[in-house]
$ cat structure.txt   # compact mmCIF, C-alpha atoms
# COMPACT_ATOMS: atom_id res chain seq x y z
CA MET M 5 2.84 26.38 3.45
CA GLY M 6 2.27 30.04 2.62
CA ASP M 7 -1.34 31.15 2.80
CA ASP M 8 -0.90 33.70 0.02
CA LYS M 9 0.22 31.22 -2.62
CA TYR M 10 -2.31 30.46 -5.36
CA TYR M 11 -2.38 28.84 -8.75
CA THR M 12 -4.53 30.34 -11.45
CA ILE M 13 -6.07 27.75 -13.73
CA GLN M 14 -8.55 28.24 -16.53
CA ILE M 15 -11.59 26.04 -16.84
CA LYS M 16 -13.29 26.52 -20.20
CA GLY M 17 -12.49 30.22 -20.53
CA THR M 18 -12.80 31.28 -16.90
CA ALA M 19 -9.81 31.61 -14.59
CA TYR M 20 -10.00 30.38 -11.01
CA ARG M 21 -7.55 30.62 -8.16
CA PHE M 22 -6.63 27.45 -6.32
CA ALA M 23 -4.74 27.18 -3.07
CA PRO M 24 -1.94 24.59 -3.11
CA LEU M 25 -3.10 21.06 -2.36
CA GLN M 26 -1.84 19.46 0.82
CA GLU M 27 0.43 16.49 0.21
CA ASP M 28 -1.89 14.33 2.32
CA ASP M 29 -4.82 15.28 0.12
CA VAL M 30 -2.96 14.38 -3.05
CA THR M 31 -2.05 11.03 -1.46
CA ARG M 32 -5.70 10.53 -0.53
CA VAL M 33 -6.86 11.13 -4.10
CA VAL M 34 -4.19 8.87 -5.59
CA THR M 35 -5.00 6.16 -3.05
CA VAL M 36 -8.73 6.15 -3.83
CA ILE M 37 -8.08 6.19 -7.58
CA ASN M 38 -5.59 3.31 -7.33
CA MET M 39 -7.73 1.09 -5.13
CA SER M 40 -10.11 0.29 -8.01
CA ALA M 41 -13.19 1.48 -6.16
CA SER M 42 -16.15 2.63 -8.26
CA PRO M 43 -15.40 5.63 -10.52
CA LEU M 44 -17.84 7.70 -8.49
CA LYS M 45 -15.56 7.40 -5.46
CA SER M 46 -12.65 8.77 -7.48
CA LEU M 47 -14.78 11.72 -8.55
CA LYS M 48 -16.00 12.25 -4.99
CA VAL M 49 -12.51 12.40 -3.50
CA ILE M 50 -11.22 14.71 -6.25
CA MET M 51 -14.17 17.05 -5.78
CA LYS M 52 -13.73 17.07 -2.02
CA VAL M 53 -10.07 17.98 -2.27
CA LEU M 54 -10.55 20.53 -5.04
CA SER M 55 -13.44 22.22 -3.25
CA GLY M 56 -11.13 22.94 -0.33
CA SER M 57 -8.50 24.31 -2.66
CA ALA M 58 -10.91 26.52 -4.63
CA GLY M 59 -12.84 27.87 -1.66
CA ALA M 60 -16.62 27.85 -1.25
CA GLU M 61 -17.52 30.72 -3.58
CA GLN M 62 -15.45 29.60 -6.55
CA TRP M 63 -16.43 25.98 -6.02
CA ASP M 64 -20.10 26.94 -6.13
CA ALA M 65 -19.51 28.63 -9.45
CA ILE M 66 -17.60 25.64 -10.82
CA THR M 67 -20.25 23.14 -9.73
CA ASP M 68 -22.97 25.34 -11.24
CA ARG M 69 -21.17 25.12 -14.56
CA LEU M 70 -20.77 21.37 -14.07
CA ILE M 71 -24.48 20.94 -13.41
CA SER M 72 -25.42 23.06 -16.42
CA GLY M 73 -23.19 20.89 -18.59
CA GLU M 74 -20.93 23.78 -19.55
CA VAL M 75 -18.05 21.99 -17.87
CA SER M 76 -17.61 18.20 -17.94
CA VAL M 77 -16.65 15.84 -15.16
CA GLU M 78 -13.47 15.12 -17.10
CA ASP M 79 -12.60 18.84 -17.05
CA ILE M 80 -12.70 18.71 -13.27
CA SER M 81 -11.59 15.24 -12.30
CA GLY M 82 -8.93 14.62 -14.89
CA LYS M 83 -7.67 17.87 -16.30
CA LEU M 84 -8.01 20.30 -13.42
CA PHE M 85 -6.67 18.04 -10.68
CA LYS M 86 -3.81 16.86 -12.88
CA LYS M 87 -2.92 20.39 -13.92
CA LEU M 88 -2.92 21.62 -10.33
CA VAL M 89 -0.67 18.78 -9.15
CA GLU M 90 1.68 19.34 -12.10
CA ARG M 91 1.90 23.09 -11.42
CA GLN M 92 2.61 22.43 -7.78
CA LYS M 93 5.28 19.86 -8.59
CA ALA M 94 6.97 22.22 -11.03
CA ASP M 95 7.04 24.83 -8.28
CA GLN M 96 8.78 22.64 -5.75
CA PRO M 97 12.53 22.85 -5.32
CA ALA M 98 14.48 19.75 -6.34
CA PRO M 99 15.45 17.44 -3.47
CA ALA M 100 18.74 18.36 -1.83
CA ASP M 101 20.43 15.13 -2.90
CA ALA M 102 19.34 15.42 -6.54
CA GLU M 103 22.16 15.61 -9.06
CA MET I 7 -4.09 -12.29 18.20
CA PRO I 8 -2.59 -14.14 15.21
CA SER I 9 -2.81 -17.89 15.46
CA ASP I 10 0.15 -20.24 15.00
CA PHE I 11 -2.08 -21.94 12.47
CA ALA I 12 -2.77 -18.74 10.52
CA PRO I 13 -0.67 -19.85 7.50
CA ILE I 14 -2.92 -22.84 6.87
CA LEU I 15 -6.26 -21.23 7.66
CA ARG I 16 -8.77 -20.15 5.07
CA GLU I 17 -10.54 -17.52 7.10
CA PRO I 18 -11.27 -13.85 6.58
CA VAL I 19 -8.99 -11.24 8.10
CA THR I 20 -10.31 -8.08 9.67
CA VAL I 21 -9.02 -4.55 9.21
CA THR I 22 -10.02 -1.40 11.04
CA VAL I 23 -10.03 1.83 9.07
CA ALA I 24 -11.26 5.06 10.64
CA GLY I 25 -12.80 3.04 13.47
CA THR I 26 -14.74 0.80 11.10
CA ARG I 27 -14.08 -2.93 11.09
CA ILE I 28 -14.09 -4.51 7.67
CA SER I 29 -13.82 -8.20 6.97
CA ILE I 30 -11.56 -9.17 4.09
CA PRO I 31 -12.56 -12.53 2.60
CA TYR I 32 -10.09 -15.38 2.25
CA GLN I 33 -8.09 -15.03 -0.94
CA PRO I 34 -5.58 -17.51 -2.36
CA ALA I 35 -1.86 -16.74 -2.57
CA ALA I 36 -2.07 -15.65 -6.22
CA VAL I 37 -4.34 -12.74 -5.29
CA TRP I 38 -2.02 -11.65 -2.48
CA ALA I 39 0.99 -11.84 -4.81
CA LYS I 40 -0.78 -9.63 -7.35
CA GLY I 41 -1.83 -7.28 -4.57
CA LEU I 42 1.83 -6.60 -3.76
CA GLU I 43 1.85 -4.17 -6.67
CA ARG I 44 -0.25 -1.93 -4.44
CA LEU I 45 1.07 -2.96 -1.06
CA SER I 46 -0.10 0.12 0.81
CA LEU I 47 -3.65 -0.50 -0.41
CA LEU I 48 -3.55 -4.27 -0.09
CA ALA I 49 -6.55 -4.45 2.25
CA ALA I 50 -8.67 -2.51 -0.24
CA VAL I 51 -7.45 -4.59 -3.16
CA LEU I 52 -8.38 -7.82 -1.36
CA ALA I 53 -11.76 -6.55 -0.18
CA GLY I 54 -14.99 -7.26 -2.03
CA PRO I 55 -16.37 -4.48 -4.28
CA ASP I 56 -18.84 -3.17 -1.69
CA ASP I 57 -16.26 -3.07 1.08
CA ARG I 58 -13.77 -1.46 -1.29
CA ASP I 59 -16.25 1.34 -1.86
CA ARG I 60 -16.78 1.56 1.88
CA ILE I 61 -13.05 1.93 2.43
CA ALA I 62 -12.98 4.63 -0.29
CA ASP I 63 -15.72 6.51 1.57
CA LEU I 64 -13.77 6.26 4.81
CA LEU I 65 -10.67 7.63 3.09
CA ILE I 66 -12.69 10.50 1.62
CA GLU I 67 -14.19 11.43 4.99
CA HIS I 68 -11.17 10.81 7.22
CA PRO I 69 -7.83 12.14 5.93
CA HIS I 70 -5.82 10.11 8.47
CA ALA I 71 -7.40 6.89 7.22
CA VAL I 72 -4.87 6.60 4.37
CA ASN I 73 -2.14 5.84 6.90
CA GLU I 74 -4.41 3.41 8.73
CA LEU I 75 -5.16 1.58 5.49
CA ARG I 76 -1.43 1.27 4.83
CA THR I 77 -0.66 0.02 8.35
CA GLU I 78 -3.55 -2.43 8.27
CA SER I 79 -2.55 -3.68 4.81
CA LEU I 80 0.94 -4.50 6.06
CA ARG I 81 -0.45 -6.05 9.24
CA ILE I 82 -2.81 -8.46 7.49
CA LEU I 83 -0.06 -9.58 5.12
CA GLY I 84 2.01 -10.59 8.15
CA GLU I 85 -1.00 -12.07 9.91
CA ALA I 86 -2.12 -14.20 6.98
CA ALA I 87 1.38 -15.38 6.15
CA GLY I 88 2.30 -16.07 9.76
CA ARG I 89 5.55 -14.09 9.52
CA LYS I 90 6.68 -10.47 9.31
CA TRP I 91 4.98 -8.65 6.45
CA TRP I 92 8.26 -7.80 4.74
CA GLU I 93 9.36 -11.44 4.90
CA ALA I 94 6.06 -12.46 3.32
CA GLY I 95 6.45 -9.71 0.72
CA ARG I 96 9.96 -10.88 -0.19
CA LEU I 97 8.88 -14.50 -0.42
CA LEU I 98 5.89 -13.55 -2.59
CA SER I 99 8.13 -11.49 -4.88
CA THR I 100 10.60 -14.36 -5.07
CA SER I 101 7.78 -16.78 -5.87
CA VAL I 102 7.09 -15.15 -9.24
CA GLN I 103 10.71 -15.29 -10.39
CA PRO I 104 10.66 -17.69 -13.36
CA GLU I 105 12.99 -20.30 -11.89
CA VAL I 106 11.27 -20.37 -8.50
CA LEU I 107 7.77 -20.30 -9.97
CA GLY I 108 8.74 -23.05 -12.39
CA ARG I 109 9.94 -25.32 -9.60
CA LEU I 110 6.81 -24.65 -7.57
CA VAL I 111 4.57 -25.39 -10.52
CA LEU I 112 6.48 -28.60 -11.29
CA ALA I 113 5.95 -29.58 -7.66
CA ASN I 114 2.21 -28.98 -8.15
CA VAL I 115 2.08 -26.08 -5.72
CA ASP I 116 -0.68 -23.95 -7.20
CA PRO I 117 -0.96 -20.34 -5.92
CA TRP I 118 -4.69 -20.40 -6.67
CA GLN I 119 -5.16 -23.41 -4.39
CA ARG I 120 -2.84 -22.40 -1.55
CA SER I 121 -3.14 -19.85 1.21
CA VAL I 122 -0.59 -17.07 1.26
CA GLY I 123 0.99 -18.69 4.33
CA GLU I 124 1.36 -22.05 2.61
CA TRP I 125 2.72 -20.44 -0.54
CA CYS I 126 5.33 -18.48 1.45
CA ALA I 127 6.29 -21.65 3.33
CA ALA I 128 6.76 -23.49 0.03
CA VAL I 129 8.95 -20.70 -1.35
CA TYR I 130 10.98 -20.63 1.85
CA ALA I 131 11.45 -24.40 1.76
CA LEU I 132 12.61 -24.17 -1.84
CA CYS I 133 15.07 -21.37 -1.05
CA VAL I 134 16.75 -23.17 1.86
CA LYS I 135 16.69 -26.61 0.29
CA GLY I 136 20.18 -28.05 0.10
CA GLN I 137 21.71 -25.17 2.04
CA ASP I 138 24.05 -25.89 4.92
CA GLU I 139 23.40 -24.26 8.29
CA LYS I 140 25.52 -21.24 7.43
CA GLY I 141 23.66 -20.66 4.17
CA ARG I 142 20.36 -21.03 5.91
CA ILE I 143 21.28 -18.57 8.65
CA ARG I 144 22.42 -16.12 5.97
CA PHE I 145 19.14 -16.50 4.09
CA ASP I 146 17.08 -16.12 7.28
CA PHE I 147 19.04 -13.02 8.17
CA SER I 148 18.59 -11.37 4.76
CA LEU I 149 14.89 -12.21 4.88
CA SER I 150 14.45 -10.80 8.36
CA ILE I 151 15.97 -7.34 7.80
CA PRO I 152 13.11 -4.84 7.78
CA PRO I 153 12.86 -2.34 4.92
CA ALA I 154 13.92 1.27 5.38
CA ASP I 155 11.67 3.22 7.77
CA HIS I 156 10.47 0.03 9.44
CA GLU I 157 13.58 -0.77 11.48
CA ASP I 158 11.71 -0.28 14.74
CA GLU I 159 9.41 -3.17 13.83
CA TRP I 160 12.31 -5.57 13.96
CA ASP I 161 11.62 -7.96 16.76
CA ASP I 162 14.93 -9.42 17.82
CA GLY I 163 13.18 -11.64 20.32
CA GLY I 164 14.34 -9.38 23.16
CA GLY I 165 16.84 -10.29 25.83
CA LEU I 166 19.39 -11.73 23.39
CA ASP I 167 22.52 -12.73 25.24
CA PRO I 168 25.35 -10.45 23.97
CA ALA I 169 27.82 -13.34 23.80
CA ALA I 170 25.35 -15.44 21.82
CA ALA I 171 24.71 -12.47 19.52
CA MET I 172 28.43 -12.00 18.89
CA ALA I 173 28.85 -15.71 18.20
CA ALA I 174 25.92 -15.66 15.79
CA VAL I 175 27.30 -12.61 13.95
CA SER I 176 30.73 -14.27 13.72
CA GLN I 177 29.10 -17.33 12.25
CA MET I 178 27.03 -15.34 9.78
CA THR I 179 29.95 -13.28 8.56
CA GLY I 180 32.42 -16.14 8.67
CA LYS I 181 34.72 -14.04 10.89
CA ARG I 182 36.16 -15.62 14.01

$ encode --input "structure.txt" --output "structure tokens"
Amino acid sequence: MGDDKYYTIQIKGTAYRFAPLQEDDVTRVVTVINMSASPLKSLKVIMKVLSGSAGAEQWDAITDRLISGEVSVEDISGKLFKKLVERQKADQPAPADAE
Amino acid sequence: MPSDFAPILREPVTVTVAGTRISIPYQPAAVWAKGLERLSLLAAVLAGPDDRDRIADLLIEHPHAVNELRTESLRILGEAAGRKWWEAGRLLSTSVQPEVLGRLVLANVDPWQRSVGEWCAAVYALCVKGQDEKGRIRFDFSLSIPPADHEDEWDDGGGLDPAAAMAAVSQMTGKR
């Protein structure tokens, strides 16, 4: 995976750059969400994976906005993660055997 | 080591995820059948709420644990059913087909009262009932074929005599 590849995503008026998510990390998030653990675990795994993608400085800024209430948990856990995965998927070439 | 009596036991099974042993309580066949919808997470689905959260924490902290959870989920299905996990999976899927389920219910075999091993045995018995030897061998063979990417888990019993293997294949295919 190229180190210079980033996705720019806006969260409530501010743009952030996210590194592509590793496939294993996406699997990890989907697994925790699907196993019907407590909702806090889903949030925890999404935040862990996104923090790596955003980098420490940006993630600090995002969590500050989360704590201040400017940004909601839904903005992070649902919208941001989903958007990032969708952007990544759209970027991927179709499988070789696809019609 | 799995016991020969595993299919009739009502005991917990243990999984190890990221080095942590977690006991999965006994669950009746109906719960296992429903859990097939999330086969790779089966161990987490069958676990109690606290242990499910524990497994989630392990997955969050240890990226490789997702694969372990999958492997352990497949293993306990085989262990509890007393046969290969894919055989148990196929029998469980077959068990909810309307005609099969109807016959089982009419025979008073209740998936909420039976272990997954007993339920699979009942489905198997129903499927081979009235079949001649050839039909039974054919059914056993189709049941025993591992799914894609799991071919190396196929235990052919080792040391199969080539002549006996050829004879068996001839019999299965009806070619002499």

$ closest_atom_pairs --input "structure.txt" --of "range 26-111 of chain I" --to "range 29-32 of chain M" --cutoff "8 Å" --atoms "all atoms listed in the file" --output "Markdown table"
| residue | atom | partner | partner_atom | distance |
| --- | --- | --- | --- | --- |
| I:Leu65 | CA | M:Arg32 | CA | 6.8 |
| I:Ile66 | CA | M:Arg32 | CA | 7.3 |
| I:Pro69 | CA | M:Arg32 | CA | 7.0 |
| I:Val72 | CA | M:Arg32 | CA | 6.3 |

$ interface_residues --input "structure.txt" --of "chain I" --to "chain M" --cutoff "9 Å" --atoms "all atoms listed in the file" --output "count of residues only"
21

$ residues_around --input "structure.txt" --residues "range 79-91 of chain I" --least-positions-apart "4" --cutoff "8 Å" --atoms "all atoms listed in the file" --output "list of chain:residue names"
I:Pro8, I:Ser9, I:Asp10, I:Phe11, I:Ala12, I:Pro13, I:Val19, I:Thr20, I:Val21, I:Leu45, I:Ser46, I:Leu47, I:Leu48, I:Ala49, I:Leu75, I:Gly95, I:Val122, I:Gly123, I:Glu124, I:Cys126, I:Ser150

$ write_last_selection --input "structure.txt" --atoms "C-alpha atoms" --output "PDB file, in the coordinates of the input"
ATOM      1  CA  PRO I   8      -2.590 -14.140  15.210  1.00  0.00           C
ATOM      2  CA  SER I   9      -2.810 -17.890  15.460  1.00  0.00           C
ATOM      3  CA  ASP I  10       0.150 -20.240  15.000  1.00  0.00           C
ATOM      4  CA  PHE I  11      -2.080 -21.940  12.470  1.00  0.00           C
ATOM      5  CA  ALA I  12      -2.770 -18.740  10.520  1.00  0.00           C
ATOM      6  CA  PRO I  13      -0.670 -19.850   7.500  1.00  0.00           C
ATOM      7  CA  VAL I  19      -8.990 -11.240   8.100  1.00  0.00           C
ATOM      8  CA  THR I  20     -10.310  -8.080   9.670  1.00  0.00           C
ATOM      9  CA  VAL I  21      -9.020  -4.550   9.210  1.00  0.00           C
ATOM     10  CA  LEU I  45       1.070  -2.960  -1.060  1.00  0.00           C
ATOM     11  CA  SER I  46      -0.100   0.120   0.810  1.00  0.00           C
ATOM     12  CA  LEU I  47      -3.650  -0.500  -0.410  1.00  0.00           C
ATOM     13  CA  LEU I  48      -3.550  -4.270  -0.090  1.00  0.00           C
ATOM     14  CA  ALA I  49      -6.550  -4.450   2.250  1.00  0.00           C
ATOM     15  CA  LEU I  75      -5.160   1.580   5.490  1.00  0.00           C
ATOM     16  CA  GLY I  95       6.450  -9.710   0.720  1.00  0.00           C
ATOM     17  CA  VAL I 122      -0.590 -17.070   1.260  1.00  0.00           C
ATOM     18  CA  GLY I 123       0.990 -18.690   4.330  1.00  0.00           C
ATOM     19  CA  GLU I 124       1.360 -22.050   2.610  1.00  0.00           C
ATOM     20  CA  CYS I 126       5.330 -18.480   1.450  1.00  0.00           C
ATOM     21  CA  SER I 150      14.450 -10.800   8.360  1.00  0.00           C
TER      22      SER I 150
END

$ atom_distance --input "structure.txt" --atom1 "CA of Gly141 in chain I" --atom2 "CA of Val129 in chain I"
15.7 Å

$ residues_around --input "structure.txt" --residues "Gln62 in chain M" --least-positions-apart "5" --cutoff "9 Å" --atoms "only C-alpha atoms" --output "VMD selection string"
chain M and resid 20 to 21 55 67

$ write_last_selection --input "structure.txt" --atoms "C-alpha atoms" --output "short mmCIF file (atom, residue, chain, number, x, y, z; two decimals), in the coordinates of the input"
data_model
loop_
_atom_site.label_atom_id
_atom_site.label_comp_id
_atom_site.auth_asym_id
_atom_site.auth_seq_id
_atom_site.Cartn_x
_atom_site.Cartn_y
_atom_site.Cartn_z
CA TYR M 20 -10.00 30.38 -11.01
CA ARG M 21 -7.55 30.62 -8.16
CA SER M 55 -13.44 22.22 -3.25
CA THR M 67 -20.25 23.14 -9.73
#

$ residues_around --input "structure.txt" --residues "Ala19 in chain M" --least-positions-apart "5" --cutoff "12 Å" --atoms "all atoms listed in the file" --output "CSV table (one decimal) with C-alpha atoms, in the coordinates of the input"
chain,number,residue,atom,x,y,z
M,10,TYR,CA,-2.3,30.5,-5.4
M,11,TYR,CA,-2.4,28.8,-8.8
M,12,THR,CA,-4.5,30.3,-11.4
M,13,ILE,CA,-6.1,27.8,-13.7
M,14,GLN,CA,-8.6,28.2,-16.5
M,58,ALA,CA,-10.9,26.5,-4.6
M,62,GLN,CA,-15.4,29.6,-6.6
M,65,ALA,CA,-19.5,28.6,-9.4
M,66,ILE,CA,-17.6,25.6,-10.8
M,84,LEU,CA,-8.0,20.3,-13.4

$ atom_distance --input "structure.txt" --atom1 "CA of His68 in chain I" --atom2 "CA of Ser81 in chain M"
20.0 Å

$ atom_distance --input "structure.txt" --atom1 "CA of Leu42 in chain I" --atom2 "CA of Ala94 in chain I"
10.1 Å

$ closest_residue --input "structure.txt" --among "M:Asp68, M:Gly59, M:Val75, M:Val34" --to "Ile15 in chain M" --atoms "all atoms listed in the file"
M:Val75

$ closest_residue --input "structure.txt" --among "I:Val111, I:Glu93, I:Pro104, I:Ile151" --to "Ala127 in chain I" --atoms "only C-alpha atoms"
I:Glu93

$ residues_around --input "structure.txt" --residues "Ser101 in chain I" --least-positions-apart "2" --cutoff "10 Å" --atoms "all atoms listed in the file" --output "compact mmCIF listing (two decimals) with C-alpha atoms, keeping the file's coordinate frame"
# COMPACT_ATOMS: atom_id res chain seq x y z
CA ALA I 36 -2.07 -15.65 -6.22
CA ALA I 39 0.99 -11.84 -4.81
CA GLY I 95 6.45 -9.71 0.72
CA ARG I 96 9.96 -10.88 -0.19
CA LEU I 97 8.88 -14.50 -0.42
CA LEU I 98 5.89 -13.55 -2.59
CA SER I 99 8.13 -11.49 -4.88
CA GLN I 103 10.71 -15.29 -10.39
CA PRO I 104 10.66 -17.69 -13.36
CA GLU I 105 12.99 -20.30 -11.89
CA VAL I 106 11.27 -20.37 -8.50
CA LEU I 107 7.77 -20.30 -9.97
CA GLY I 108 8.74 -23.05 -12.39
CA ARG I 109 9.94 -25.32 -9.60
CA LEU I 110 6.81 -24.65 -7.57
CA PRO I 117 -0.96 -20.34 -5.92
CA TRP I 125 2.72 -20.44 -0.54
CA CYS I 126 5.33 -18.48 1.45
CA ALA I 128 6.76 -23.49 0.03
CA VAL I 129 8.95 -20.70 -1.35
CA TYR I 130 10.98 -20.63 1.85
CA LEU I 132 12.61 -24.17 -1.84
CA CYS I 133 15.07 -21.37 -1.05

$ closest_residue --input "structure.txt" --among "M:Glu61, M:Lys16, M:Leu25, M:Leu88" --to "Glu74 in chain M" --atoms "only C-alpha atoms"
M:Lys16

$ build_atoms --input "structure.txt" --residues "range 26-43 of chain M" --atoms "N, CA and C atoms" --output "compact mmCIF listing (two decimals), in the coordinates of the input"
# COMPACT_ATOMS: atom_id res chain seq x y z
N GLN M 26 -2.68 20.09 -0.21
CA GLN M 26 -1.84 19.46 0.82
C GLN M 26 -1.35 18.12 0.29
N GLU M 27 -0.13 17.76 0.67
CA GLU M 27 0.43 16.49 0.21
C GLU M 27 -0.47 15.31 0.62
N ASP M 28 -1.01 15.40 1.83
CA ASP M 28 -1.89 14.33 2.32
C ASP M 28 -3.13 14.18 1.45
N ASP M 29 -3.62 15.33 0.97
CA ASP M 29 -4.82 15.28 0.12
C ASP M 29 -4.52 14.65 -1.23
N VAL M 30 -3.35 14.98 -1.77
CA VAL M 30 -2.96 14.38 -3.05
C VAL M 30 -2.83 12.86 -2.87
N THR M 31 -2.20 12.46 -1.75
CA THR M 31 -2.05 11.03 -1.46
C THR M 31 -3.42 10.36 -1.35
N ARG M 32 -4.35 11.07 -0.71
CA ARG M 32 -5.70 10.53 -0.53
C ARG M 32 -6.38 10.30 -1.88
N VAL M 33 -6.24 11.26 -2.76
CA VAL M 33 -6.86 11.13 -4.10
C VAL M 33 -6.22 9.96 -4.85
N VAL M 34 -4.89 9.93 -4.85
CA VAL M 34 -4.19 8.87 -5.59
C VAL M 34 -4.55 7.50 -5.01
N THR M 35 -4.66 7.44 -3.69
CA THR M 35 -5.00 6.16 -3.05
C THR M 35 -6.37 5.68 -3.50
N VAL M 36 -7.36 6.56 -3.44
CA VAL M 36 -8.73 6.15 -3.83
C VAL M 36 -8.78 5.76 -5.31
N ILE M 37 -8.09 6.52 -6.14
CA ILE M 37 -8.08 6.19 -7.58
C ILE M 37 -7.44 4.82 -7.80
N ASN M 38 -6.33 4.56 -7.10
CA ASN M 38 -5.59 3.31 -7.33
C ASN M 38 -6.23 2.08 -6.70
N MET M 39 -7.18 2.28 -5.81
CA MET M 39 -7.73 1.09 -5.13
C MET M 39 -8.85 0.43 -5.92
N SER M 40 -9.10 0.90 -7.13
CA SER M 40 -10.11 0.29 -8.01
C SER M 40 -11.50 0.29 -7.39
N ALA M 41 -11.82 1.32 -6.65
CA ALA M 41 -13.19 1.48 -6.16
C ALA M 41 -14.04 1.97 -7.35
N SER M 42 -15.31 2.19 -7.14
CA SER M 42 -16.15 2.63 -8.26
C SER M 42 -15.70 4.03 -8.70
N PRO M 43 -15.86 4.34 -10.01
CA PRO M 43 -15.40 5.63 -10.52
C PRO M 43 -16.01 6.82 -9.78
